[in-house]
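What follows is the content of structure07.pdb (PDB, C-alpha atoms and all ligand atoms).
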MODEL        1
ATOM      1  CA  MET A 270     104.632  29.253 179.278  1.00  0.00           C
ATOM      2  CA  GLU A 271     101.171  28.147 178.264  1.00  0.00           C
ATOM      3  CA  ARG A 272      99.047  25.052 178.589  1.00  0.00           C
ATOM      4  CA  LEU A 273      99.395  22.634 175.684  1.00  0.00           C
ATOM      5  CA  ASP A 274      95.632  22.195 175.290  1.00  0.00           C
ATOM      6  CA  LYS A 275      95.057  25.956 175.313  1.00  0.00           C
ATOM      7  CA  VAL A 276      97.679  26.557 172.652  1.00  0.00           C
ATOM      8  CA  LEU A 277      96.232  23.882 170.387  1.00  0.00           C
ATOM      9  CA  ALA A 278      92.631  24.990 170.951  1.00  0.00           C
ATOM     10  CA  ASN A 279      93.567  28.606 170.167  1.00  0.00           C
ATOM     11  CA  LEU A 280      95.149  27.452 166.942  1.00  0.00           C
ATOM     12  CA  GLY A 281      91.933  25.707 165.952  1.00  0.00           C
ATOM     13  CA  TYR A 282      93.060  22.113 166.435  1.00  0.00           C
ATOM     14  CA  GLY A 283      89.853  21.215 168.266  1.00  0.00           C
ATOM     15  CA  THR A 284      88.124  21.869 171.536  1.00  0.00           C
ATOM     16  CA  ARG A 285      90.029  21.393 174.782  1.00  0.00           C
ATOM     17  CA  LYS A 286      88.054  18.171 175.281  1.00  0.00           C
ATOM     18  CA  GLU A 287      89.062  16.859 171.863  1.00  0.00           C
ATOM     19  CA  ILE A 288      92.675  17.771 172.521  1.00  0.00           C
ATOM     20  CA  LYS A 289      92.582  16.035 175.879  1.00  0.00           C
ATOM     21  CA  ALA A 290      91.333  12.903 174.107  1.00  0.00           C
ATOM     22  CA  ALA A 291      94.099  13.145 171.491  1.00  0.00           C
ATOM     23  CA  VAL A 292      96.714  13.495 174.248  1.00  0.00           C
ATOM     24  CA  LYS A 293      95.253  10.498 176.070  1.00  0.00           C
ATOM     25  CA  LYS A 294      95.594   8.458 172.881  1.00  0.00           C
ATOM     26  CA  GLY A 295      99.269   9.466 172.691  1.00  0.00           C
ATOM     27  CA  LEU A 296      98.812  11.355 169.414  1.00  0.00           C
ATOM     28  CA  VAL A 297     100.462  14.582 170.557  1.00  0.00           C
ATOM     29  CA  THR A 298     104.215  14.971 170.881  1.00  0.00           C
ATOM     30  CA  VAL A 299     106.244  17.896 172.191  1.00  0.00           C
ATOM     31  CA  ASP A 300     109.851  18.010 171.026  1.00  0.00           C
ATOM     32  CA  GLY A 301     109.573  14.386 169.952  1.00  0.00           C
ATOM     33  CA  LYS A 302     108.235  13.087 173.277  1.00  0.00           C
ATOM     34  CA  VAL A 303     104.677  11.860 173.669  1.00  0.00           C
ATOM     35  CA  ALA A 304     102.770  14.357 175.830  1.00  0.00           C
ATOM     36  CA  LYS A 305     101.177  12.644 178.801  1.00  0.00           C
ATOM     37  CA  ASP A 306      99.311  15.630 180.174  1.00  0.00           C
ATOM     38  CA  ASN A 307      97.056  17.995 178.234  1.00  0.00           C
ATOM     39  CA  GLY A 308      97.869  20.694 180.802  1.00  0.00           C
ATOM     40  CA  LEU A 309     101.609  20.447 180.108  1.00  0.00           C
ATOM     41  CA  LYS A 310     103.257  23.874 180.249  1.00  0.00           C
ATOM     42  CA  ILE A 311     105.084  24.677 177.040  1.00  0.00           C
ATOM     43  CA  ASP A 312     106.635  27.609 175.225  1.00  0.00           C
ATOM     44  CA  PRO A 313     104.837  27.388 171.863  1.00  0.00           C
ATOM     45  CA  GLU A 314     107.340  29.699 170.189  1.00  0.00           C
ATOM     46  CA  LYS A 315     110.238  27.420 171.012  1.00  0.00           C
ATOM     47  CA  CYS A 316     108.985  23.846 171.008  1.00  0.00           C
ATOM     48  CA  LYS A 317     107.964  21.553 168.174  1.00  0.00           C
ATOM     49  CA  ILE A 318     104.468  20.162 168.566  1.00  0.00           C
ATOM     50  CA  GLU A 319     103.170  17.346 166.412  1.00  0.00           C
ATOM     51  CA  ILE A 320      99.710  15.853 166.177  1.00  0.00           C
ATOM     52  CA  ASN A 321      99.520  12.471 164.522  1.00  0.00           C
ATOM     53  CA  GLY A 322     103.069  13.013 163.291  1.00  0.00           C
ATOM     54  CA  GLU A 323     102.247  16.340 161.633  1.00  0.00           C
ATOM     55  CA  GLU A 324     104.007  19.428 162.870  1.00  0.00           C
ATOM     56  CA  ILE A 325     101.704  22.279 163.793  1.00  0.00           C
ATOM     57  CA  SER A 326     102.567  25.735 162.604  1.00  0.00           C
ATOM     58  CA  TYR A 327     102.458  28.050 165.558  1.00  0.00           C
ATOM     59  CA  LYS A 328     101.814  31.729 165.188  1.00  0.00           C
ATOM     60  CA  LYS A 329     100.642  34.208 167.699  1.00  0.00           C
ATOM     61  CA  ASN A 330      99.340  36.871 165.398  1.00  0.00           C
ATOM     62  CA  ILE A 331      97.377  36.978 162.213  1.00  0.00           C
ATOM     63  CA  TYR A 332      97.524  39.756 159.612  1.00  0.00           C
ATOM     64  CA  LEU A 333      94.974  39.847 156.827  1.00  0.00           C
ATOM     65  CA  MET A 334      94.153  42.277 154.057  1.00  0.00           C
ATOM     66  CA  MET A 335      90.562  42.290 152.877  1.00  0.00           C
ATOM     67  CA  ASN A 336      88.887  43.967 149.965  1.00  0.00           C
ATOM     68  CA  LYS A 337      85.887  45.014 152.024  1.00  0.00           C
ATOM     69  CA  PRO A 338      82.597  44.754 150.166  1.00  0.00           C
ATOM     70  CA  ASP A 339      79.682  47.173 150.276  1.00  0.00           C
ATOM     71  CA  GLY A 340      76.992  46.472 152.883  1.00  0.00           C
ATOM     72  CA  VAL A 341      79.197  44.865 155.539  1.00  0.00           C
ATOM     73  CA  VAL A 342      80.182  46.599 158.773  1.00  0.00           C
ATOM     74  CA  SER A 343      83.778  46.961 160.011  1.00  0.00           C
ATOM     75  CA  ALA A 344      83.259  45.385 163.417  1.00  0.00           C
ATOM     76  CA  THR A 345      83.615  42.036 165.112  1.00  0.00           C
ATOM     77  CA  PHE A 346      79.937  41.909 166.057  1.00  0.00           C
ATOM     78  CA  ASP A 347      76.764  43.644 164.976  1.00  0.00           C
ATOM     79  CA  LYS A 348      73.166  43.027 165.998  1.00  0.00           C
ATOM     80  CA  TYR A 349      71.713  43.561 162.542  1.00  0.00           C
ATOM     81  CA  ASP A 350      74.369  43.502 159.857  1.00  0.00           C
ATOM     82  CA  GLU A 351      76.946  41.107 158.554  1.00  0.00           C
ATOM     83  CA  THR A 352      80.439  42.024 159.756  1.00  0.00           C
ATOM     84  CA  VAL A 353      83.834  41.734 158.082  1.00  0.00           C
ATOM     85  CA  VAL A 354      84.731  39.022 160.597  1.00  0.00           C
ATOM     86  CA  ASP A 355      81.728  36.967 159.426  1.00  0.00           C
ATOM     87  CA  LEU A 356      83.467  36.734 156.043  1.00  0.00           C
ATOM     88  CA  ILE A 357      86.558  35.095 157.519  1.00  0.00           C
ATOM     89  CA  ASP A 358      87.149  31.335 157.663  1.00  0.00           C
ATOM     90  CA  PRO A 359      87.369  29.620 161.064  1.00  0.00           C
ATOM     91  CA  GLU A 360      91.047  28.774 160.466  1.00  0.00           C
ATOM     92  CA  TYR A 361      91.768  32.523 160.747  1.00  0.00           C
ATOM     93  CA  ASN A 362      88.908  33.472 163.046  1.00  0.00           C
ATOM     94  CA  VAL A 363      90.342  31.356 165.866  1.00  0.00           C
ATOM     95  CA  PHE A 364      92.890  34.178 166.233  1.00  0.00           C
ATOM     96  CA  ASN A 365      90.093  36.663 166.945  1.00  0.00           C
ATOM     97  CA  PRO A 366      91.102  39.254 164.350  1.00  0.00           C
ATOM     98  CA  PHE A 367      89.552  42.711 164.448  1.00  0.00           C
ATOM     99  CA  PRO A 368      89.547  45.486 161.852  1.00  0.00           C
ATOM    100  CA  VAL A 369      92.256  48.150 162.047  1.00  0.00           C
ATOM    101  CA  GLY A 370      90.163  51.314 162.031  1.00  0.00           C
ATOM    102  CA  ARG A 371      86.798  51.430 160.352  1.00  0.00           C
ATOM    103  CA  LEU A 372      85.396  51.785 156.902  1.00  0.00           C
ATOM    104  CA  ASP A 373      81.754  52.829 156.557  1.00  0.00           C
ATOM    105  CA  LYS A 374      79.234  50.161 155.658  1.00  0.00           C
ATOM    106  CA  ASP A 375      79.094  51.462 152.080  1.00  0.00           C
ATOM    107  CA  THR A 376      82.860  52.030 151.702  1.00  0.00           C
ATOM    108  CA  VAL A 377      84.802  49.322 149.904  1.00  0.00           C
ATOM    109  CA  GLY A 378      88.479  48.459 149.642  1.00  0.00           C
ATOM    110  CA  LEU A 379      91.495  47.875 151.805  1.00  0.00           C
ATOM    111  CA  LEU A 380      90.863  46.780 155.356  1.00  0.00           C
ATOM    112  CA  ILE A 381      93.536  45.260 157.575  1.00  0.00           C
ATOM    113  CA  LEU A 382      92.408  42.699 160.135  1.00  0.00           C
ATOM    114  CA  THR A 383      94.691  41.518 162.891  1.00  0.00           C
ATOM    115  CA  ASN A 384      94.810  40.455 166.528  1.00  0.00           C
ATOM    116  CA  ASP A 385      97.974  42.520 167.054  1.00  0.00           C
ATOM    117  CA  GLY A 386      96.984  45.419 169.289  1.00  0.00           C
ATOM    118  CA  VAL A 387     100.394  47.061 169.042  1.00  0.00           C
ATOM    119  CA  LEU A 388     100.303  47.258 165.257  1.00  0.00           C
ATOM    120  CA  ASN A 389      96.692  48.428 165.396  1.00  0.00           C
ATOM    121  CA  HIS A 390      97.611  51.327 167.630  1.00  0.00           C
ATOM    122  CA  LYS A 391     100.604  52.225 165.511  1.00  0.00           C
ATOM    123  CA  LEU A 392      98.518  52.348 162.352  1.00  0.00           C
ATOM    124  CA  ILE A 393      95.541  54.269 163.622  1.00  0.00           C
ATOM    125  CA  SER A 394      97.193  56.858 165.828  1.00  0.00           C
ATOM    126  CA  PRO A 395      97.104  60.203 163.912  1.00  0.00           C
ATOM    127  CA  LYS A 396     100.385  61.075 165.651  1.00  0.00           C
ATOM    128  CA  ASN A 397     102.118  58.510 163.478  1.00  0.00           C
ATOM    129  CA  HIS A 398     100.997  60.229 160.248  1.00  0.00           C
ATOM    130  CA  VAL A 399     100.136  57.043 158.403  1.00  0.00           C
ATOM    131  CA  ASP A 400      98.749  57.936 154.955  1.00  0.00           C
ATOM    132  CA  LYS A 401      95.455  56.415 153.906  1.00  0.00           C
ATOM    133  CA  VAL A 402      94.566  56.849 150.261  1.00  0.00           C
ATOM    134  CA  TYR A 403      91.011  56.724 148.977  1.00  0.00           C
ATOM    135  CA  TYR A 404      89.631  56.735 145.469  1.00  0.00           C
ATOM    136  CA  ALA A 405      86.397  58.744 145.496  1.00  0.00           C
ATOM    137  CA  GLU A 406      83.690  59.676 143.053  1.00  0.00           C
ATOM    138  CA  ILE A 407      82.045  63.022 143.741  1.00  0.00           C
ATOM    139  CA  ASN A 408      78.690  64.311 142.513  1.00  0.00           C
ATOM    140  CA  LYS A 409      80.048  67.676 141.283  1.00  0.00           C
ATOM    141  CA  ALA A 410      83.151  69.149 139.654  1.00  0.00           C
ATOM    142  CA  VAL A 411      86.028  69.344 142.146  1.00  0.00           C
ATOM    143  CA  CYS A 412      88.040  72.546 141.648  1.00  0.00           C
ATOM    144  CA  ASP A 413      91.377  74.104 142.637  1.00  0.00           C
ATOM    145  CA  LYS A 414      89.695  75.845 145.580  1.00  0.00           C
ATOM    146  CA  ASP A 415      88.809  72.419 146.983  1.00  0.00           C
ATOM    147  CA  ILE A 416      92.429  71.274 146.624  1.00  0.00           C
ATOM    148  CA  GLU A 417      93.602  74.376 148.536  1.00  0.00           C
ATOM    149  CA  ALA A 418      90.979  73.918 151.233  1.00  0.00           C
ATOM    150  CA  PHE A 419      92.027  70.274 151.722  1.00  0.00           C
ATOM    151  CA  GLU A 420      95.671  71.370 151.970  1.00  0.00           C
ATOM    152  CA  LYS A 421      94.853  74.020 154.588  1.00  0.00           C
ATOM    153  CA  GLY A 422      92.712  71.685 156.683  1.00  0.00           C
ATOM    154  CA  ILE A 423      88.970  71.346 156.229  1.00  0.00           C
ATOM    155  CA  ILE A 424      86.713  72.366 159.109  1.00  0.00           C
ATOM    156  CA  LEU A 425      84.082  69.694 159.660  1.00  0.00           C
ATOM    157  CA  ASP A 426      80.440  70.242 160.660  1.00  0.00           C
ATOM    158  CA  ASP A 427      81.314  69.787 164.356  1.00  0.00           C
ATOM    159  CA  GLY A 428      84.046  72.456 164.206  1.00  0.00           C
ATOM    160  CA  TYR A 429      86.963  69.997 164.082  1.00  0.00           C
ATOM    161  CA  LYS A 430      89.848  71.185 161.894  1.00  0.00           C
ATOM    162  CA  CYS A 431      91.283  68.318 159.879  1.00  0.00           C
ATOM    163  CA  MET A 432      94.981  67.800 159.353  1.00  0.00           C
ATOM    164  CA  PRO A 433      96.166  68.839 155.874  1.00  0.00           C
ATOM    165  CA  ALA A 434      94.995  66.405 153.215  1.00  0.00           C
ATOM    166  CA  LYS A 435      96.001  65.841 149.625  1.00  0.00           C
ATOM    167  CA  LEU A 436      93.419  65.936 146.879  1.00  0.00           C
ATOM    168  CA  GLN A 437      94.408  64.732 143.440  1.00  0.00           C
ATOM    169  CA  VAL A 438      91.835  65.249 140.702  1.00  0.00           C
ATOM    170  CA  MET A 439      91.756  62.677 137.902  1.00  0.00           C
ATOM    171  CA  LYS A 440      88.605  63.900 136.207  1.00  0.00           C
ATOM    172  CA  ALA A 441      86.256  66.795 136.937  1.00  0.00           C
ATOM    173  CA  ASP A 442      83.274  68.015 134.939  1.00  0.00           C
ATOM    174  CA  ASN A 443      79.593  68.737 135.397  1.00  0.00           C
ATOM    175  CA  ASP A 444      78.823  65.008 135.532  1.00  0.00           C
ATOM    176  CA  GLY A 445      81.020  64.699 138.626  1.00  0.00           C
ATOM    177  CA  SER A 446      84.624  63.982 139.566  1.00  0.00           C
ATOM    178  CA  GLU A 447      87.077  61.183 140.188  1.00  0.00           C
ATOM    179  CA  VAL A 448      89.703  61.945 142.798  1.00  0.00           C
ATOM    180  CA  TYR A 449      92.307  60.468 145.120  1.00  0.00           C
ATOM    181  CA  VAL A 450      92.252  61.734 148.693  1.00  0.00           C
ATOM    182  CA  THR A 451      95.114  61.168 151.134  1.00  0.00           C
ATOM    183  CA  ILE A 452      94.401  61.610 154.835  1.00  0.00           C
ATOM    184  CA  GLN A 453      96.297  60.712 157.990  1.00  0.00           C
ATOM    185  CA  GLU A 454      93.382  60.575 160.381  1.00  0.00           C
ATOM    186  CA  GLY A 455      90.280  58.464 160.655  1.00  0.00           C
ATOM    187  CA  LYS A 456      87.449  60.592 162.011  1.00  0.00           C
ATOM    188  CA  PHE A 457      83.935  59.253 161.614  1.00  0.00           C
ATOM    189  CA  HIS A 458      82.856  59.581 157.937  1.00  0.00           C
ATOM    190  CA  GLN A 459      85.880  61.808 157.455  1.00  0.00           C
ATOM    191  CA  VAL A 460      86.234  61.904 153.669  1.00  0.00           C
ATOM    192  CA  LYS A 461      82.480  62.245 153.154  1.00  0.00           C
ATOM    193  CA  ARG A 462      82.311  65.093 155.677  1.00  0.00           C
ATOM    194  CA  MET A 463      85.315  66.837 154.151  1.00  0.00           C
ATOM    195  CA  PHE A 464      83.523  66.985 150.819  1.00  0.00           C
ATOM    196  CA  GLU A 465      80.255  67.956 152.498  1.00  0.00           C
ATOM    197  CA  ALA A 466      82.109  70.930 153.989  1.00  0.00           C
ATOM    198  CA  ARG A 467      82.811  71.937 150.363  1.00  0.00           C
ATOM    199  CA  GLY A 468      79.152  71.476 149.344  1.00  0.00           C
ATOM    200  CA  LYS A 469      79.844  68.201 147.529  1.00  0.00           C
ATOM    201  CA  LYS A 470      78.843  64.617 148.011  1.00  0.00           C
ATOM    202  CA  VAL A 471      80.890  61.429 147.880  1.00  0.00           C
ATOM    203  CA  VAL A 472      78.955  58.894 145.814  1.00  0.00           C
ATOM    204  CA  TYR A 473      81.557  56.091 145.863  1.00  0.00           C
ATOM    205  CA  LEU A 474      84.476  55.514 148.206  1.00  0.00           C
ATOM    206  CA  LYS A 475      87.217  52.912 148.047  1.00  0.00           C
ATOM    207  CA  ARG A 476      90.367  52.746 150.170  1.00  0.00           C
ATOM    208  CA  ILE A 477      93.302  51.755 148.025  1.00  0.00           C
ATOM    209  CA  SER A 478      96.232  52.005 150.421  1.00  0.00           C
ATOM    210  CA  PHE A 479      97.051  52.152 154.099  1.00  0.00           C
ATOM    211  CA  GLY A 480     100.597  53.219 154.933  1.00  0.00           C
ATOM    212  CA  THR A 481     102.914  51.108 152.803  1.00  0.00           C
ATOM    213  CA  LEU A 482     100.220  48.559 152.109  1.00  0.00           C
ATOM    214  CA  GLU A 483      98.381  48.640 148.790  1.00  0.00           C
ATOM    215  CA  LEU A 484      95.146  46.829 148.069  1.00  0.00           C
ATOM    216  CA  ASP A 485      95.858  43.665 146.091  1.00  0.00           C
ATOM    217  CA  GLU A 486      93.813  44.142 142.935  1.00  0.00           C
ATOM    218  CA  ASN A 487      93.495  40.358 142.595  1.00  0.00           C
ATOM    219  CA  LEU A 488      91.205  40.326 145.609  1.00  0.00           C
ATOM    220  CA  GLU A 489      87.550  40.520 144.639  1.00  0.00           C
ATOM    221  CA  GLU A 490      85.287  42.387 147.046  1.00  0.00           C
ATOM    222  CA  GLY A 491      84.773  40.167 150.086  1.00  0.00           C
ATOM    223  CA  GLU A 492      88.020  38.264 149.540  1.00  0.00           C
ATOM    224  CA  TYR A 493      91.050  38.445 151.802  1.00  0.00           C
ATOM    225  CA  ARG A 494      94.507  36.981 152.197  1.00  0.00           C
ATOM    226  CA  GLU A 495      97.332  36.948 154.707  1.00  0.00           C
ATOM    227  CA  LEU A 496      99.906  39.713 154.380  1.00  0.00           C
ATOM    228  CA  THR A 497     103.206  38.608 152.909  1.00  0.00           C
ATOM    229  CA  ASP A 498     106.298  38.818 155.132  1.00  0.00           C
ATOM    230  CA  GLU A 499     107.517  41.838 153.128  1.00  0.00           C
ATOM    231  CA  GLU A 500     104.184  43.639 153.456  1.00  0.00           C
ATOM    232  CA  LEU A 501     104.134  43.047 157.178  1.00  0.00           C
ATOM    233  CA  LYS A 502     107.751  44.110 157.592  1.00  0.00           C
ATOM    234  CA  SER A 503     107.202  47.369 155.729  1.00  0.00           C
ATOM    235  CA  LEU A 504     104.111  48.138 157.842  1.00  0.00           C
ATOM    236  CA  THR A 505     105.872  47.564 161.118  1.00  0.00           C
ATOM    237  CA  ILE A 506     109.023  49.649 160.581  1.00  0.00           C
TER     238      ILE A 506
HETATM  239  N1  LIG A 601      86.023  58.431 155.175  1.00  0.00           N
HETATM  240  C1  LIG A 601      84.702  58.186 155.082  1.00  0.00           C
HETATM  241  O1  LIG A 601      83.906  59.097 154.959  1.00  0.00           O
HETATM  242  N2  LIG A 601      84.296  56.915 155.153  1.00  0.00           N
HETATM  243  C2  LIG A 601      85.132  55.868 155.257  1.00  0.00           C
HETATM  244  O2  LIG A 601      84.691  54.715 155.284  1.00  0.00           O
HETATM  245  C3  LIG A 601      86.506  56.124 155.347  1.00  0.00           C
HETATM  246  C4  LIG A 601      86.933  57.427 155.310  1.00  0.00           C
ENDMDL
END
Would you mind writing the structure in this file as structure tokens?
Ligand code: URA
Amino acid sequence: MERLDKVLANLGYGTRKEIKAAVKKGLVTVDGKVAKDNGLKIDPEKCKIEINGEEISYKKNIYLMMNKPDGVVSATFDKYDETVVDLIDPEYNVFNPFPVGRLDKDTVGLLILTNDGVLNHKLISPKNHVDKVYYAEINKAVCDKDIEAFEKGIILDDGYKCMPAKLQVMKADNDGSEVYVTIQEGKFHQVKRMFEARGKKVVYLKRISFGTLELDENLEEGEYRELTDEELKSLTI
């Protein structure tokens, strides 16, 4: 059970003071009865709350997919840079979403934002073997030896041996390469460091899928939308 004013404030229906005033004016009903006390204890998942005759839609969690743009950090706060959360409208930000894992400042593409800690853990724990697919452009020609090395497990500069990764080469010549990389971990700068270990440099990196979730190509960089029920269901099973 939660306080009525807290529930409404968390959903973005105003400050606690504003909600108290609305209750005082008799504008808030719970299950059809005018609420007399802003501190009324309610179960928001079970009761019907109306403000000014309009039913509020209660949800506890928010699930967003963003096409992360270049130059923005995957954090909820940063002293110097704009964060992915800064790009989100207040109607969603009242849920305090945070990014699931991190993309580098210069990496673009699929980023999930949620306030669901359980799903976050499920998606980022390497034990759960959730595939993350990246499209990458590389400064040199990627060869079969690189594919084998990725399959075996690349050893990073700090001695860490990566889990086996899949490298699919779309184009490779002296001008550079276009590849898809599938990894199940999320070490700091992982894809970039995997290529560095092979003497190559990632010049462009975009995440295109995360588990069952694929980046919606209709989202321009910087845009986001809520996950559909089907997308969320397939992520959580
Ligand atoms: N690997 C990287 O190097 N950077 C990212 O942002 C994601 C994976």
Would you list the residues near (86.7, 62.2, 143.3) (no more than 10 Å away, in the coordinates of the file, using all atoms listed in the file) as a ChimeraX atom specification?
/A:403-411,436-441,445-450,464,470-474
Save out the residues we just selected, C-alpha atoms, as a PDB file, keeping the file's coordinate frame.
ATOM      1  CA  TYR A 403      91.011  56.724 148.977  1.00  0.00           C
ATOM      2  CA  TYR A 404      89.631  56.735 145.469  1.00  0.00           C
ATOM      3  CA  ALA A 405      86.397  58.744 145.496  1.00  0.00           C
ATOM      4  CA  GLU A 406      83.690  59.676 143.053  1.00  0.00           C
ATOM      5  CA  ILE A 407      82.045  63.022 143.741  1.00  0.00           C
ATOM      6  CA  ASN A 408      78.690  64.311 142.513  1.00  0.00           C
ATOM      7  CA  LYS A 409      80.048  67.676 141.283  1.00  0.00           C
ATOM      8  CA  ALA A 410      83.151  69.149 139.654  1.00  0.00           C
ATOM      9  CA  VAL A 411      86.028  69.344 142.146  1.00  0.00           C
ATOM     10  CA  LEU A 436      93.419  65.936 146.879  1.00  0.00           C
ATOM     11  CA  GLN A 437      94.408  64.732 143.440  1.00  0.00           C
ATOM     12  CA  VAL A 438      91.835  65.249 140.702  1.00  0.00           C
ATOM     13  CA  MET A 439      91.756  62.677 137.902  1.00  0.00           C
ATOM     14  CA  LYS A 440      88.605  63.900 136.207  1.00  0.00           C
ATOM     15  CA  ALA A 441      86.256  66.795 136.937  1.00  0.00           C
ATOM     16  CA  GLY A 445      81.020  64.699 138.626  1.00  0.00           C
ATOM     17  CA  SER A 446      84.624  63.982 139.566  1.00  0.00           C
ATOM     18  CA  GLU A 447      87.077  61.183 140.188  1.00  0.00           C
ATOM     19  CA  VAL A 448      89.703  61.945 142.798  1.00  0.00           C
ATOM     20  CA  TYR A 449      92.307  60.468 145.120  1.00  0.00           C
ATOM     21  CA  VAL A 450      92.252  61.734 148.693  1.00  0.00           C
ATOM     22  CA  PHE A 464      83.523  66.985 150.819  1.00  0.00           C
ATOM     23  CA  LYS A 470      78.843  64.617 148.011  1.00  0.00           C
ATOM     24  CA  VAL A 471      80.890  61.429 147.880  1.00  0.00           C
ATOM     25  CA  VAL A 472      78.955  58.894 145.814  1.00  0.00           C
ATOM     26  CA  TYR A 473      81.557  56.091 145.863  1.00  0.00           C
ATOM     27  CA  LEU A 474      84.476  55.514 148.206  1.00  0.00           C
TER      28      LEU A 474
END
Show me a table, sorted first by chain and then by increasing residue number, of the residues of chain A having an atom at most 6 Å from ligand LIG 601 (chain A), each with its shortest atom pair and the distance in Å to one decimal, counting all atoms listed in the file and written as JSON lines.
{"residue": "A:Leu372", "atom": "CA", "partner": "A:LIG601", "partner_atom": "O2", "distance": 3.4}
{"residue": "A:Asp373", "atom": "CA", "partner": "A:LIG601", "partner_atom": "O2", "distance": 3.7}
{"residue": "A:Thr376", "atom": "CA", "partner": "A:LIG601", "partner_atom": "O2", "distance": 4.8}
{"residue": "A:His458", "atom": "CA", "partner": "A:LIG601", "partner_atom": "O1", "distance": 3.2}
{"residue": "A:Gln459", "atom": "CA", "partner": "A:LIG601", "partner_atom": "N1", "distance": 4.1}
{"residue": "A:Val460", "atom": "CA", "partner": "A:LIG601", "partner_atom": "N1", "distance": 3.8}
{"residue": "A:Lys461", "atom": "CA", "partner": "A:LIG601", "partner_atom": "O1", "distance": 3.9}
Taking all atoms of range 271-275 of chain A that appear in the file, build a box with edges along x, y and z, extend it by 3 Å on every side, and state its centre and edge lengths in Å to one decimal, as JSON.
{"center_x": 98.1, "center_y": 25.2, "center_z": 176.9, "size_x": 12.1, "size_y": 12.0, "size_z": 9.3}
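Residues in contact with Glu490 in chain A at 6 Å, where all atoms listed in the file are counted and same-chain residues fewer than 6 positions away are skipped, are listed as A:Asn336, A:Lys337, A:Pro338.
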Just-selected residues, C-alpha atoms written as a PDB file, in the coordinates of the input:
ATOM      1  CA  ASN A 336      88.887  43.967 149.965  1.00  0.00           C
ATOM      2  CA  LYS A 337      85.887  45.014 152.024  1.00  0.00           C
ATOM      3  CA  PRO A 338      82.597  44.754 150.166  1.00  0.00           C
TER       4      PRO A 338
END
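The gap separating CA of Asn321 in chain A from CA of Glu287 in chain A is 13.5 Å, in Å to one decimal.
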Atom-to-atom span, CA of Gly480 in chain A and CA of Asp415 in chain A, Å:
23.9 Å
Please list, as an MDAnalysis selection string, the residues that have an atom at most 10 Å away from (93.6, 41.0, 152.2) in the coordinates of this file, counting only C-alpha atoms.
chainID A and resid 332:337 378:382 483:497
Could you list the residues chosen by the PyMOL selection byres (((chain A and resi 288) around 9) and not hetatm) in this structure as a short mmCIF file (atom, residue, chain, number, x, y, z; two decimals) with C-alpha atoms, in the frame of the given file?
data_model
loop_
_atom_site.label_atom_id
_atom_site.label_comp_id
_atom_site.auth_asym_id
_atom_site.auth_seq_id
_atom_site.Cartn_x
_atom_site.Cartn_y
_atom_site.Cartn_z
CA LEU A 273 99.40 22.63 175.68
CA ASP A 274 95.63 22.20 175.29
CA LYS A 275 95.06 25.96 175.31
CA LEU A 277 96.23 23.88 170.39
CA ALA A 278 92.63 24.99 170.95
CA TYR A 282 93.06 22.11 166.44
CA GLY A 283 89.85 21.22 168.27
CA THR A 284 88.12 21.87 171.54
CA ARG A 285 90.03 21.39 174.78
CA LYS A 286 88.05 18.17 175.28
CA GLU A 287 89.06 16.86 171.86
CA LYS A 289 92.58 16.04 175.88
CA ALA A 290 91.33 12.90 174.11
CA ALA A 291 94.10 13.14 171.49
CA VAL A 292 96.71 13.50 174.25
CA LYS A 293 95.25 10.50 176.07
CA VAL A 297 100.46 14.58 170.56
CA ASN A 307 97.06 18.00 178.23
#
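The space separating CA of Pro368 in chain A from CA of Leu356 in chain A comes to 12.1 Å.
Compared by their closest atoms to Thr352 in chain A, and using all atoms listed in the file, the residues A:Glu319, A:Asp385, A:Asp339, A:Glu271 rank with A:Asp339 nearest.
The result of the PyMOL selection byres (((chain A and resi 422) around 7) and not hetatm) on the shown file is A:Ala418, A:Phe419, A:Glu420, A:Lys421, A:Ile423, A:Ile424, A:Lys430, A:Cys431, A:Met432, A:Pro433, A:Ala434.
Taken over the shown file, the PyMOL selection byres (((chain A and resi 504) around 10) and not hetatm) identifies Leu388, Lys391, Leu392, Val399, Phe479, Gly480, Thr481, Leu482, Asp498, Glu499, Glu500, Leu501, Lys502, Ser503, Thr505 and Ile506 of chain A.
Restricting the calculation to all atoms listed in the file, the smallest distance between Pro366 in chain A and any of A:Lys435, A:Arg462, A:Lys329, A:Lys414 is found for A:Lys329.
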